[in-house]
Number of protein chains: 4
Amino acid sequence: MNQLRVGMIGYKFMGKAHSNAYRALPMFFPQALKPEMAVLCGRNEQAVAEAASRLGWSEIATDWRQLVARDDIDLIDINAPSNAHKEIALAAAKAGKHIFCEKPLALSLADSREMLQAAEDAGVAHMIGFNYRFSPAVKLAKKLVESGRLGKIYHFRSWFLQDWIMDPEFPLVWRLQKDIAGSGSLGDLGAHLIDLSHYLIGDIDEVIGMSETFIKERPLAEEMTGLSATGSTNPNAPRGQVTVDDATLFMAKFADGALGSFEATRFAAGHRSTNSFEINGSLGSVKFDFERMNELEVYFNSDDEDVQGFRRVLATDPAHAYAEAWWPPGHTIGFEHTFIHEVLELTDAIREGRQPVPNFLDGVKCQAVLEAVERSIEQRRWVMIAEM
Amino acid sequence: MNQLRVGMIGYKFMGKAHSNAYRALPMFFPQALKPEMAVLCGRNEQAVAEAASRLGWSEIATDWRQLVARDDIDLIDINAPSNAHKEIALAAAKAGKHIFCEKPLALSLADSREMLQAAEDAGVAHMIGFNYRFSPAVKLAKKLVESGRLGKIYHFRSWFLQDWIMDPEFPLVWRLQKDIAGSGSLGDLGAHLIDLSHYLIGDIDEVIGMSETFIKERPLAEEMTGLSATGSTNPNAPRGQVTVDDATLFMAKFADGALGSFEATRFAAGHRSTNSFEINGSLGSVKFDFERMNELEVYFNSDDEDVQGFRRVLATDPAHAYAEAWWPPGHTIGFEHTFIHEVLELTDAIREGRQPVPNFLDGVKCQAVLEAVERSIEQRRWVMIAEM
Amino acid sequence: MNQLRVGMIGYKFMGKAHSNAYRALPMFFPQALKPEMAVLCGRNEQAVAEAASRLGWSEIATDWRQLVARDDIDLIDINAPSNAHKEIALAAAKAGKHIFCEKPLALSLADSREMLQAAEDAGVAHMIGFNYRFSPAVKLAKKLVESGRLGKIYHFRSWFLQDWIMDPEFPLVWRLQKDIAGSGSLGDLGAHLIDLSHYLIGDIDEVIGMSETFIKERPLAEEMTGLSATGSTNPNAPRGQVTVDDATLFMAKFADGALGSFEATRFAAGHRSTNSFEINGSLGSVKFDFERMNELEVYFNSDDEDVQGFRRVLATDPAHAYAEAWWPPGHTIGFEHTFIHEVLELTDAIREGRQPVPNFLDGVKCQAVLEAVERSIEQRRWVMIAEM
Amino acid sequence: MNQLRVGMIGYKFMGKAHSNAYRALPMFFPQALKPEMAVLCGRNEQAVAEAASRLGWSEIATDWRQLVARDDIDLIDINAPSNAHKEIALAAAKAGKHIFCEKPLALSLADSREMLQAAEDAGVAHMIGFNYRFSPAVKLAKKLVESGRLGKIYHFRSWFLQDWIMDPEFPLVWRLQKDIAGSGSLGDLGAHLIDLSHYLIGDIDEVIGMSETFIKERPLAEEMTGLSATGSTNPNAPRGQVTVDDATLFMAKFADGALGSFEATRFAAGHRSTNSFEINGSLGSVKFDFERMNELEVYFNSDDEDVQGFRRVLATDPAHAYAEAWWPPGHTIGFEHTFIHEVLELTDAIREGRQPVPNFLDGVKCQAVLEAVERSIEQRRWVMIAEM
């Protein structure tokens with residue numbers, strides 16, 4: 001296989017990130033299978049045409065069913081709103097297309113499992129968009145854990161803090177509506193933390209959570225794109241109910257005995273996008289914060305006694321994942337690069353005839369934890385993942 | 001009242017910190033009531049004599065009951081191991097002495113309440129040693145919360161991380177024995193976080209926790225002082241059970257609606273004593289870490305849009321609590337200064353005929369949360385503080 | 001003008017950065033004049049063909065003179081080694097092409113002036129690649145200075161620290177040879193600091209410097225690309241003289257009275273690429289470090305007395321330059337983005353019929369300071385820029 | 001010798017710091033020779049009496065000549081304004097007293113040499129108050145340099161930044177008057193940097209500096225103490241000339257080949273007292289900032305390639321100087337502790353019959369550099385220290 005013709009559905013925040021990844025891949029990873037940006041699909045013809053021109057797609061489509069049915073498409077990239085993921089993915093699998101689906105995989109665990117089953121039955125490659133795994137600094141954390149350099153893991157502590165909806169007049173965007181988004185901070189932000197914990201530590205045995213919706217009613221949105229939106233400035237404008245969580249916290253026990261704490265909130269003033277974790281093991285620790293994504297703080301017990309301390313490692317050296325494809329040491333990369341590395345894994349897996357990682361199984365596992373957390377909140381009790 | 005004659009019981013880590021506070025107070029706070037370092041009490045006559053000479057106490061005693069009974073003592077300062085607090089405090093109250101008791105107040109909520117009742121019945125001043133309240137940066141956080149400058153509080157996030165017993169061969173010191181220490185990381189470290197949350201946010205409604213003892217057996221201690229100790233290097237030396245928690249996490253709902261997360265552990269490699277919290281309110285946030293105790297990070301939503309960010313405030317300016325008593329701006333203070341400020345509050349309260357803050361009521365409230373957390377762990381359920 | 005056909009000479013480190021900028025521009029700045037990546041030029045046909053394919057250029061050329069002469073090229077982009085800049089730029093100007101030249105403009109002030117004169121005489125647009133100006137955080141610093149929010153400027157303090165040639169066995173790459181590179185740390189790193197000072201503070205009146213070559217002889221290079229290279233591992237391999245400075249420091253007086261300090265070194269262990277400055281004004285200060293290029297630390301004297309402190313501003317909000325073209329707040333960008341913004345300025349200027357900034361005049365001014373510093377070192381005295 | 005009776009002249013900022021050091025020494029360093037706080041001397045009887053009572057001195061004196069002449073005094077501690085140092089020190093030496101003199105040793109190099117000679121002739125112990133040497137983190141830096149763990153030193157970069165006189169209406173305190181203070185930022189702040197460079201790197205061969213007085217006229221001071229003061233709020237109040245430098249920068253070449261940069265300023269907004277240095281050697285680097293005085297950042301080239309980075313070492317472990325005398329790891333100390341360690345060195349040296357370090361010779365060497373810098377500014381040329 002020398003080519004990979006992509007049909008992508010959705011072209012807002014994630015669609016832009018994916019498009020950039022497809023375009024940049026050949027320049028920085030020339031050995032990779034080259035994705036061809038074939039068709040961009042969206043409901044609004046004019047808008048999708050504008051986006052296709054801007055983002056570099058050759059054709060457009062307005063009916064995703066027709067797109068999925070085309071013979072000349074190898075990969076379906078799903079960036080549509082979360083409530084459309086399942087139907088598209090099932091159709092794509094049925095049509096024998098490889099699938100790259102943004103997170104969350106679906107709105108429910110049952111749906112997620114159905115999607116995984118369908119993809120497995122179809123024998124296609126399936127990937128889920130947990131992009132943060134692809135930060136070089138996160139890869140370094142993974143390497144340190146996996147190689148045993150941190151020893152036995154005792155603690156995983158994580159939080160994803162944002163503040164973009166703190167203004168009570170920020171409008172009721174789709175991300176605040178349960179029927180479209182599935183959940184709020186938990187599914188949007190917490191899902192990334194759960195996936196990172198699966199990646200870095202392993203399976204979770206049980207969880208218990210709590211959550212809150214601080215602002216329960218908001219003005220209806222007039223226009224929205226990405227994370228920004230505008231509502232009416234008329235105080236008498238119609239308002240609607242916020243049906244998702246503004247903040248969710250939970251504790252977890254990992255199968256290997258580690259203790260986990262997780263916090264996802266959109267009400268942490270001053271935190272634009274603090275996606276952060278710390279791991280404490282018997283031999284050392286690491287700390288990561290996505291706002292400083294090129295850095296990993298690393299501590300080793302074995303350092304000489306007088307010079308023990310957390311090291312600020314800038315993951316831009318040849319010894320770090322992906323770094324040689326980019327710039328000289330000390331020259332940093334940004335958010336969008338995680339998607340380029342993600343697409344590298346996707347294209348490598350397709351060429352090698354293996355499943356990319358993370359894939360729908362990781363999506364299912366994440367969804368199981370998300371639902372276990374929700375159940376633990378409703379029922380005010382510890383919930384075993386095995387229950388799900 | 002122009003004088004305050006102190007009798008202190010215990011002379012190790014906390015005894016040294018309190019002694020230094022009594023000695024330094026008149027030099028830096030000359031307006032304060034001057035404590036007279038009258039009698040130091042401990043069981044080992046030789047050791048207590050050495051300590052008294054070193055720490056600056058005029059006399060020694062080996063029987064605390066006799067000390068408490070003396071007419072010429074105004075204040076009993078209790079630094080004895082936790083399991084001795086109650087008996088001494090009850091005797092001191094009965095004898096009409098003011099009481100300054102290190103935390104934890106007692107090993108149980110019932111005992112704590114008995115101590116509070118006794119002190120109230122006796123009409124004496126009673127204080128508990130939650131010294132971290134007295135960091136200038138913490139005082140600044142309190143001021144910002146109380147004045148409304150952070151708005152309505154949404155989140156309180158806290159962790160007290162240490163790593164001093166990570167070595168499995170570190171011996172079984174008294175702090176690892178439930179009958180003496182009451183509890184492990186929860187009572188030792190978590191208690192400080194709980195008190196800070198009471199101080200900064202307010203009452204807690206309910207909690208749920210989890211805990212772990214990672215290293216379940218250790219060599220018996222041969223010698224110990226403060227936090228350091230030596231065990232046998234003989235691998236066949238006798239070993240004993242660790243009967244307290246190495247790590248405890250819990251979530252809490254505050255009465256005013258804020259969500260709280262707490263973590264106390266002695267197994268966080270690289271963290272010598274990271275006593276840290278963050279508060280997110282509707283108007284801003286603050287962050288504190290005791291390893292950089294002179295600093296408070298402060299964020300305001302109301303800052304101009306292009307220059308919003310956490311400010312690193314060095315709490316050494318005249319605008320900050322206690323700072324003018326010390327050194328010019330930018331010249332920092334350390335751990336021991338929290339005790340000097342604590343003793344200032346104690347002596348001011350005694351002179352003014354009021355209760356110092358924090359006092360035994362704060363100790364009782366802290367103990368109620370500690371026991372609620374423990375019950376929530378045993379019974380694997382949310383526990384209301386009101387239950388206790 | 002609706003199109004801009006680019007012919008680029010050189011395809012290593014800077015060539016890759018420029019290529020990426022041309023490709024990314026239309027996706028993120030769709031309103032911009034779209035550059036067409038027409039011809040890539042280099043001496044080695046096979047290598048240039050490989051690079052053109054990878055980087056996305058339509059054609060290749062091996063003779064830059066022929067390229068410059070082509071009618072269908074609008075812009076010549078010069079990434080060749082520094083000693084070739086002048087000849088190419090003069091030819092391009094003569095041919096009426098717009099010119100985008102990497103820094104340093106030339107190896108001497110006289111040459112730089114000749115290039116500026118030629119470009120002016122030809123009436124073409126000319127730009128010089130001082131890319132660091134185009135970091136959003138640097139733009140914020142500029143805005144704060146220019147708007148007067150920092151008041152009168154007292155201090156500009158800057159350092160560009162690297163450590164990539166600390167190993168004495170690192171080979172003698174072209175950047176260490178005066179006849180090709182012009183100078184060492186001064187011209188490579190110091191030039192960026194000088195340009196930033198011109199941009200942020202203004203003209204310099206006089207300078208005095210010192211410099212050192214710590215490792216005076218190195219093995220000849222066997223292969224080199226970008227900043228990396230390999231030398232022979234044979235200790236008897238031929239060696240050559242390092243003819244440039246490993247480190248140069250200088251002090252400066254600005255025309256407006258501010259005091260400047262500058263340090264450029266490749267011998268600062270642990271600093272991969274710390275390109276950093278601080279500005280102190282009568283009303284506030286800013287600090288910048290390129291290793292954390294998304295951040296600007298900002299201080300205002302006018303903040304309330306109890307909450308004064310350096311703010312960590314993440315320049316990813318809509319209020320910051322370029323940010324809306326990229327990702328939501330808190331989602332960072334990297335080194336390569338400075339070039340995309342640079343190309344935006346270049347294309348905007350060409351479309352608007354004005355000179356881009358920074359242009360050859362800025363290159364000349366930078367060169368004047370560089371030579372003044374070198375003269376001050378040779379003659380061990382303060383040198384006025386006006387002398388040059 | 002089992003006792004050391006101290007007579008101290010001056011009781012403001014430094015007097016308070018010294019008094020605290022004498023009082024704290026026996027408590028934390030019980031093995032040390034115990035200083036007896038015998039006599040406090042100052043011109044204003046009422047003020048000195050108040051200070052003596054507050055600071056813990058047994059007696060007072062108003063005539064330093066009488067004090068120096070007393071038989072029952074072993075050590076004269078000089079905290080008087082800089083212009084009085086010489087006369088007192090000469091008298092003390094003549095009287096055979098040990099001398100502890102605050103920096104600067106004197107207002108001129110000639111005076112300093114005279115003082116050194118007198119002390120040497122008298123055979124007394126002489127110490128100078130370069131207290132920053134006594135930070136545990138600075139001691140760690142010294143240890144790393146001296147043991148060769150940083151390799152050959154290439155760079156010493158230092159700055160002492162304050163902002164306490166930025167307000168143009170801040171009054172003309174004695175520190176701004178050349179006849180009393182000797183010099184401004186250079187002598188007050190730069191002297192500490194020079195001494196640290198002597199301590200950490202070694203002798204300086206030559207220097208060249210520049211300086212500025214940004215605010216040339218100020219209202220006369222009405223009252224002043226320590227670093228704070230109040231001036232008249234009447235805009236027509238009498239004003240006087242500032243006769244010292246607000247800021248001084250200089251470059252230096254060290255005898256061993258390292259390059260040094262130094263900056264001392266009182267006009268760096270946001271810097272209350274940033275006393276900071278960095279050392280880059282062939283094997284590693286260290287960074288220090290007094291505002292975070294418990295920390296030293298340490299980098300080693302020899303760390304594994306994937307985890308190289310500056311370590312934040314908290315110098316509070318048993319492996320660090322002085323730490324065991326204080327609190328458990330992670331519990332920090334402050335500014336005043338540098339003086340306690342300084343007095344420990346003083347008393348140890350006296351007991352051991354050796355010269356303390358730093359002593360008057362270090363004061364003379366510092367003064368030589370200060371004057372060389374001043375000469376280099378006046379004469380606008382490099383000045384060899386050997387000239388002085």
# chains A, B, ... in the order shown; residues from 1 in each chain; ligands from 1
>>> interface_residues(of="chain A", to="chain D", cutoff="7 Å", atoms="only C-alpha atoms", output="number ranges by chain")
A: 305-314, 319-320
>>> select_by_dssp(residues="region 187-258 of chain C", states="strand (DSSP E or B)", output="VMD selection string")
chain C and resid 204 to 212 217 to 225 228 to 231 239 to 241 247 to 254
>>> residues_around(residues="Arg113 (chain D)", least_positions_apart="4", cutoff="9 Å", atoms="only C-alpha atoms", output="list in words")
Ser108, Leu109, Gln117, Ala118, Phe360, Leu361, Gly363 and Val364 of chain D
>>> residues_around(residues="Asp121 (chain C)", least_positions_apart="4", cutoff="9 Å", atoms="only C-alpha atoms", output="list in words")
Ala93, Lys94, Leu116 and Gln117 of chain C
>>> write_last_selection(atoms="N, CA and C atoms", output="PDB file, in the first residue's frame")
ATOM      1  N   ALA C  93      18.107  41.417  -6.542  1.00  0.00           N
ATOM      2  CA  ALA C  93      17.632  42.801  -6.607  1.00  0.00           C
ATOM      3  C   ALA C  93      17.719  43.312  -8.047  1.00  0.00           C
ATOM      4  N   LYS C  94      18.852  43.019  -8.651  1.00  0.00           N
ATOM      5  CA  LYS C  94      19.049  43.453 -10.032  1.00  0.00           C
ATOM      6  C   LYS C  94      17.974  42.881 -10.955  1.00  0.00           C
ATOM      7  N   LEU C 116      21.451  46.495   1.058  1.00  0.00           N
ATOM      8  CA  LEU C 116      20.309  47.372   1.316  1.00  0.00           C
ATOM      9  C   LEU C 116      20.142  48.371   0.179  1.00  0.00           C
ATOM     10  N   GLN C 117      21.271  48.960  -0.222  1.00  0.00           N
ATOM     11  CA  GLN C 117      21.231  49.956  -1.298  1.00  0.00           C
ATOM     12  C   GLN C 117      20.671  49.332  -2.571  1.00  0.00           C
TER      13      GLN C 117
END
>>> atom_distance(atom1="CA of Gly15 (chain C)", atom2="CA of Arg175 (chain C)")
16.2 Å
>>> closest_residue(among="B:Ala17, B:Ala110, B:Ala89, B:Ala268", to="Lys152 (chain A)", atoms="only C-alpha atoms")
B:Ala268
>>> residues_around(residues="Leu40 (chain C)", least_positions_apart="3", cutoff="10 Å", atoms="only C-alpha atoms", output="JSON, numbers by chain")
{"C": [6, 7, 8, 9, 10, 11, 15, 19, 37, 48, 49, 51, 52, 53, 55, 56, 57, 58, 59, 60, 61, 62, 64, 67, 77]}
>>> write_last_selection(atoms="C-alpha atoms", output="PDB file, in the first residue's frame")
ATOM      1  CA  VAL C   6       8.924  31.589  -4.602  1.00  0.00           C
ATOM      2  CA  GLY C   7      12.381  30.366  -5.517  1.00  0.00           C
ATOM      3  CA  MET C   8      14.317  29.236  -2.466  1.00  0.00           C
ATOM      4  CA  ILE C   9      18.066  28.657  -2.221  1.00  0.00           C
ATOM      5  CA  GLY C  10      19.175  26.273   0.540  1.00  0.00           C
ATOM      6  CA  TYR C  11      17.170  23.520   2.183  1.00  0.00           C
ATOM      7  CA  GLY C  15      15.084  25.860   4.422  1.00  0.00           C
ATOM      8  CA  SER C  19       9.172  25.568   3.527  1.00  0.00           C
ATOM      9  CA  MET C  37       6.464  26.880  -3.660  1.00  0.00           C
ATOM     10  CA  VAL C  48      17.875  18.995  -3.680  1.00  0.00           C
ATOM     11  CA  ALA C  49      15.501  16.673  -5.510  1.00  0.00           C
ATOM     12  CA  ALA C  51      14.415  17.842  -0.355  1.00  0.00           C
ATOM     13  CA  ALA C  52      12.031  19.325  -2.894  1.00  0.00           C
ATOM     14  CA  SER C  53       9.920  16.209  -2.820  1.00  0.00           C
ATOM     15  CA  LEU C  55       9.352  19.800   1.511  1.00  0.00           C
ATOM     16  CA  GLY C  56       6.791  20.269  -1.242  1.00  0.00           C
ATOM     17  CA  TRP C  57       8.548  22.290  -3.940  1.00  0.00           C
ATOM     18  CA  SER C  58       7.379  21.891  -7.525  1.00  0.00           C
ATOM     19  CA  GLU C  59      10.685  22.164  -9.339  1.00  0.00           C
ATOM     20  CA  ILE C  60      14.361  22.080  -8.566  1.00  0.00           C
ATOM     21  CA  ALA C  61      17.371  24.022  -9.771  1.00  0.00           C
ATOM     22  CA  THR C  62      21.082  23.668  -9.187  1.00  0.00           C
ATOM     23  CA  TRP C  64      20.974  29.936  -8.360  1.00  0.00           C
ATOM     24  CA  LEU C  67      16.856  30.703 -10.843  1.00  0.00           C
ATOM     25  CA  ASP C  77      14.370  33.213  -0.432  1.00  0.00           C
TER      26      ASP C  77
END
>>> residues_around(residues="Leu344 (chain A)", least_positions_apart="4", cutoff="8 Å", atoms="only C-alpha atoms", output="NGL selection string")
:A and (25 or 29 or 32 or 340 or 348)
>>> write_last_selection(atoms="N, CA, C and O atoms", output="compact mmCIF listing (two decimals), in the first residue's frame")
# COMPACT_ATOMS: atom_id res chain seq x y z
N LEU A 25 2.66 15.78 7.71
CA LEU A 25 3.31 14.47 7.86
C LEU A 25 4.42 14.23 6.83
O LEU A 25 5.55 13.89 7.21
N PHE A 29 8.01 13.67 8.28
CA PHE A 29 8.22 12.22 8.38
C PHE A 29 8.11 11.63 6.98
O PHE A 29 7.14 10.95 6.65
N ALA A 32 7.01 8.11 6.07
CA ALA A 32 5.67 7.63 6.38
C ALA A 32 4.83 7.45 5.12
O ALA A 32 5.10 8.07 4.08
N ILE A 340 0.12 15.29 14.54
CA ILE A 340 1.00 14.80 13.47
C ILE A 340 1.61 13.46 13.88
O ILE A 340 1.65 12.52 13.09
N ASP A 348 1.55 4.40 9.95
CA ASP A 348 2.50 3.29 10.12
C ASP A 348 1.74 1.98 10.35
O ASP A 348 2.08 0.94 9.77
>>> select_by_dssp(residues="region 219-340 of chain B", states="helix (DSSP H, G or I)", output="PDB file with N, CA, C and O atoms, in the first residue's frame")
ATOM      1  N   PHE B 290       4.205  24.884  50.320  1.00  0.00           N
ATOM      2  CA  PHE B 290       5.021  25.213  51.481  1.00  0.00           C
ATOM      3  C   PHE B 290       6.518  25.149  51.196  1.00  0.00           C
ATOM      4  O   PHE B 290       7.306  25.817  51.875  1.00  0.00           O
ATOM      5  N   GLU B 291       6.938  24.367  50.210  1.00  0.00           N
ATOM      6  CA  GLU B 291       8.373  24.344  49.894  1.00  0.00           C
ATOM      7  C   GLU B 291       8.825  25.709  49.347  1.00  0.00           C
ATOM      8  O   GLU B 291      10.021  25.984  49.314  1.00  0.00           O
ATOM      9  N   ARG B 292       7.886  26.501  48.893  1.00  0.00           N
ATOM     10  CA  ARG B 292       8.161  27.903  48.537  1.00  0.00           C
ATOM     11  C   ARG B 292       7.201  28.778  49.335  1.00  0.00           C
ATOM     12  O   ARG B 292       6.385  29.514  48.779  1.00  0.00           O
ATOM     13  N   GLU B 305      -7.180  41.787  29.544  1.00  0.00           N
ATOM     14  CA  GLU B 305      -7.214  40.534  28.797  1.00  0.00           C
ATOM     15  C   GLU B 305      -5.849  40.074  28.299  1.00  0.00           C
ATOM     16  O   GLU B 305      -5.585  38.879  28.223  1.00  0.00           O
ATOM     17  N   ASP B 306      -4.997  41.016  27.939  1.00  0.00           N
ATOM     18  CA  ASP B 306      -3.726  40.596  27.345  1.00  0.00           C
ATOM     19  C   ASP B 306      -2.644  40.304  28.383  1.00  0.00           C
ATOM     20  O   ASP B 306      -1.555  39.852  28.003  1.00  0.00           O
ATOM     21  N   VAL B 307      -2.916  40.548  29.633  1.00  0.00           N
ATOM     22  CA  VAL B 307      -1.893  40.294  30.659  1.00  0.00           C
ATOM     23  C   VAL B 307      -2.455  39.494  31.830  1.00  0.00           C
ATOM     24  O   VAL B 307      -2.058  39.689  32.982  1.00  0.00           O
ATOM     25  N   ALA B 323       5.152  40.768  57.881  1.00  0.00           N
ATOM     26  CA  ALA B 323       6.390  41.012  57.141  1.00  0.00           C
ATOM     27  C   ALA B 323       7.207  42.151  57.734  1.00  0.00           C
ATOM     28  O   ALA B 323       8.443  42.090  57.765  1.00  0.00           O
ATOM     29  N   GLU B 324       6.529  43.166  58.215  1.00  0.00           N
ATOM     30  CA  GLU B 324       7.298  44.312  58.719  1.00  0.00           C
ATOM     31  C   GLU B 324       8.101  43.976  59.972  1.00  0.00           C
ATOM     32  O   GLU B 324       9.059  44.670  60.311  1.00  0.00           O
ATOM     33  N   ALA B 325       7.690  42.913  60.655  1.00  0.00           N
ATOM     34  CA  ALA B 325       8.466  42.516  61.832  1.00  0.00           C
ATOM     35  C   ALA B 325       9.789  41.886  61.442  1.00  0.00           C
ATOM     36  O   ALA B 325      10.688  41.769  62.272  1.00  0.00           O
ATOM     37  N   HIS B 337       9.243  30.237  61.346  1.00  0.00           N
ATOM     38  CA  HIS B 337       8.553  31.499  61.589  1.00  0.00           C
ATOM     39  C   HIS B 337       7.050  31.301  61.765  1.00  0.00           C
ATOM     40  O   HIS B 337       6.393  32.102  62.418  1.00  0.00           O
ATOM     41  N   THR B 338       6.525  30.237  61.181  1.00  0.00           N
ATOM     42  CA  THR B 338       5.088  30.005  61.387  1.00  0.00           C
ATOM     43  C   THR B 338       4.787  29.827  62.871  1.00  0.00           C
ATOM     44  O   THR B 338       3.736  30.236  63.351  1.00  0.00           O
ATOM     45  N   PHE B 339       5.721  29.229  63.601  1.00  0.00           N
ATOM     46  CA  PHE B 339       5.502  29.011  65.027  1.00  0.00           C
ATOM     47  C   PHE B 339       5.610  30.313  65.814  1.00  0.00           C
ATOM     48  O   PHE B 339       4.924  30.504  66.810  1.00  0.00           O
ATOM     49  N   ILE B 340       6.486  31.179  65.362  1.00  0.00           N
ATOM     50  CA  ILE B 340       6.616  32.469  66.066  1.00  0.00           C
ATOM     51  C   ILE B 340       5.311  33.259  65.911  1.00  0.00           C
ATOM     52  O   ILE B 340       4.795  33.841  66.863  1.00  0.00           O
TER      53      ILE B 340
END
>>> residues_around(residues="region 274-288 of chain B", least_positions_apart="4", cutoff="6 Å", atoms="only C-alpha atoms", output="list in words")
Ala268 and Ala269 of chain A; Leu150, Gly151, Lys152, Ile153, Tyr154, His155, Phe156, Arg157, Ser158, Trp159, Phe160, Leu161, Leu296, Glu297, Val298, Tyr299, Phe300 and Asn301 of chain B
>>> write_last_selection(atoms="C-alpha atoms", output="PDB file, in the first residue's frame")
ATOM      1  CA  ALA A 268     -10.467  26.756  37.419  1.00  0.00           C
ATOM      2  CA  ALA A 269      -9.770  30.468  36.952  1.00  0.00           C
TER       3      ALA A 269
ATOM      4  CA  LEU B 150     -11.722  35.475  44.610  1.00  0.00           C
ATOM      5  CA  GLY B 151     -15.535  35.466  44.396  1.00  0.00           C
ATOM      6  CA  LYS B 152     -17.577  32.367  45.081  1.00  0.00           C
ATOM      7  CA  ILE B 153     -15.301  29.387  45.728  1.00  0.00           C
ATOM      8  CA  TYR B 154     -15.677  26.408  43.403  1.00  0.00           C
ATOM      9  CA  HIS B 155     -12.641  24.265  44.136  1.00  0.00           C
ATOM     10  CA  PHE B 156     -10.230  23.516  46.935  1.00  0.00           C
ATOM     11  CA  ARG B 157      -7.495  21.134  45.841  1.00  0.00           C
ATOM     12  CA  SER B 158      -4.767  20.116  48.263  1.00  0.00           C
ATOM     13  CA  TRP B 159      -1.972  17.675  48.776  1.00  0.00           C
ATOM     14  CA  PHE B 160       0.712  17.128  51.359  1.00  0.00           C
ATOM     15  CA  LEU B 161       3.408  14.981  49.820  1.00  0.00           C
ATOM     16  CA  LEU B 296       1.504  32.856  46.736  1.00  0.00           C
ATOM     17  CA  GLU B 297       0.437  32.544  43.149  1.00  0.00           C
ATOM     18  CA  VAL B 298      -2.576  34.740  42.502  1.00  0.00           C
ATOM     19  CA  TYR B 299      -4.810  35.054  39.485  1.00  0.00           C
ATOM     20  CA  PHE B 300      -7.609  37.543  38.815  1.00  0.00           C
ATOM     21  CA  ASN B 301     -10.181  37.264  36.042  1.00  0.00           C
TER      22      ASN B 301
END
>>> closest_residue(among="D:Trp164, D:Trp326, D:Phe170, D:Tyr199", to="Ser185 (chain D)", atoms="only C-alpha atoms")
D:Trp164
>>> closest_residue(among="A:Gln162, A:Asn2, A:Ser82, A:Gln66", to="Asp179 (chain A)", atoms="only C-alpha atoms")
A:Ser82
>>> atom_distance(atom1="CA of Glu263 (chain D)", atom2="CA of Phe134 (chain C)")
28.6 Å
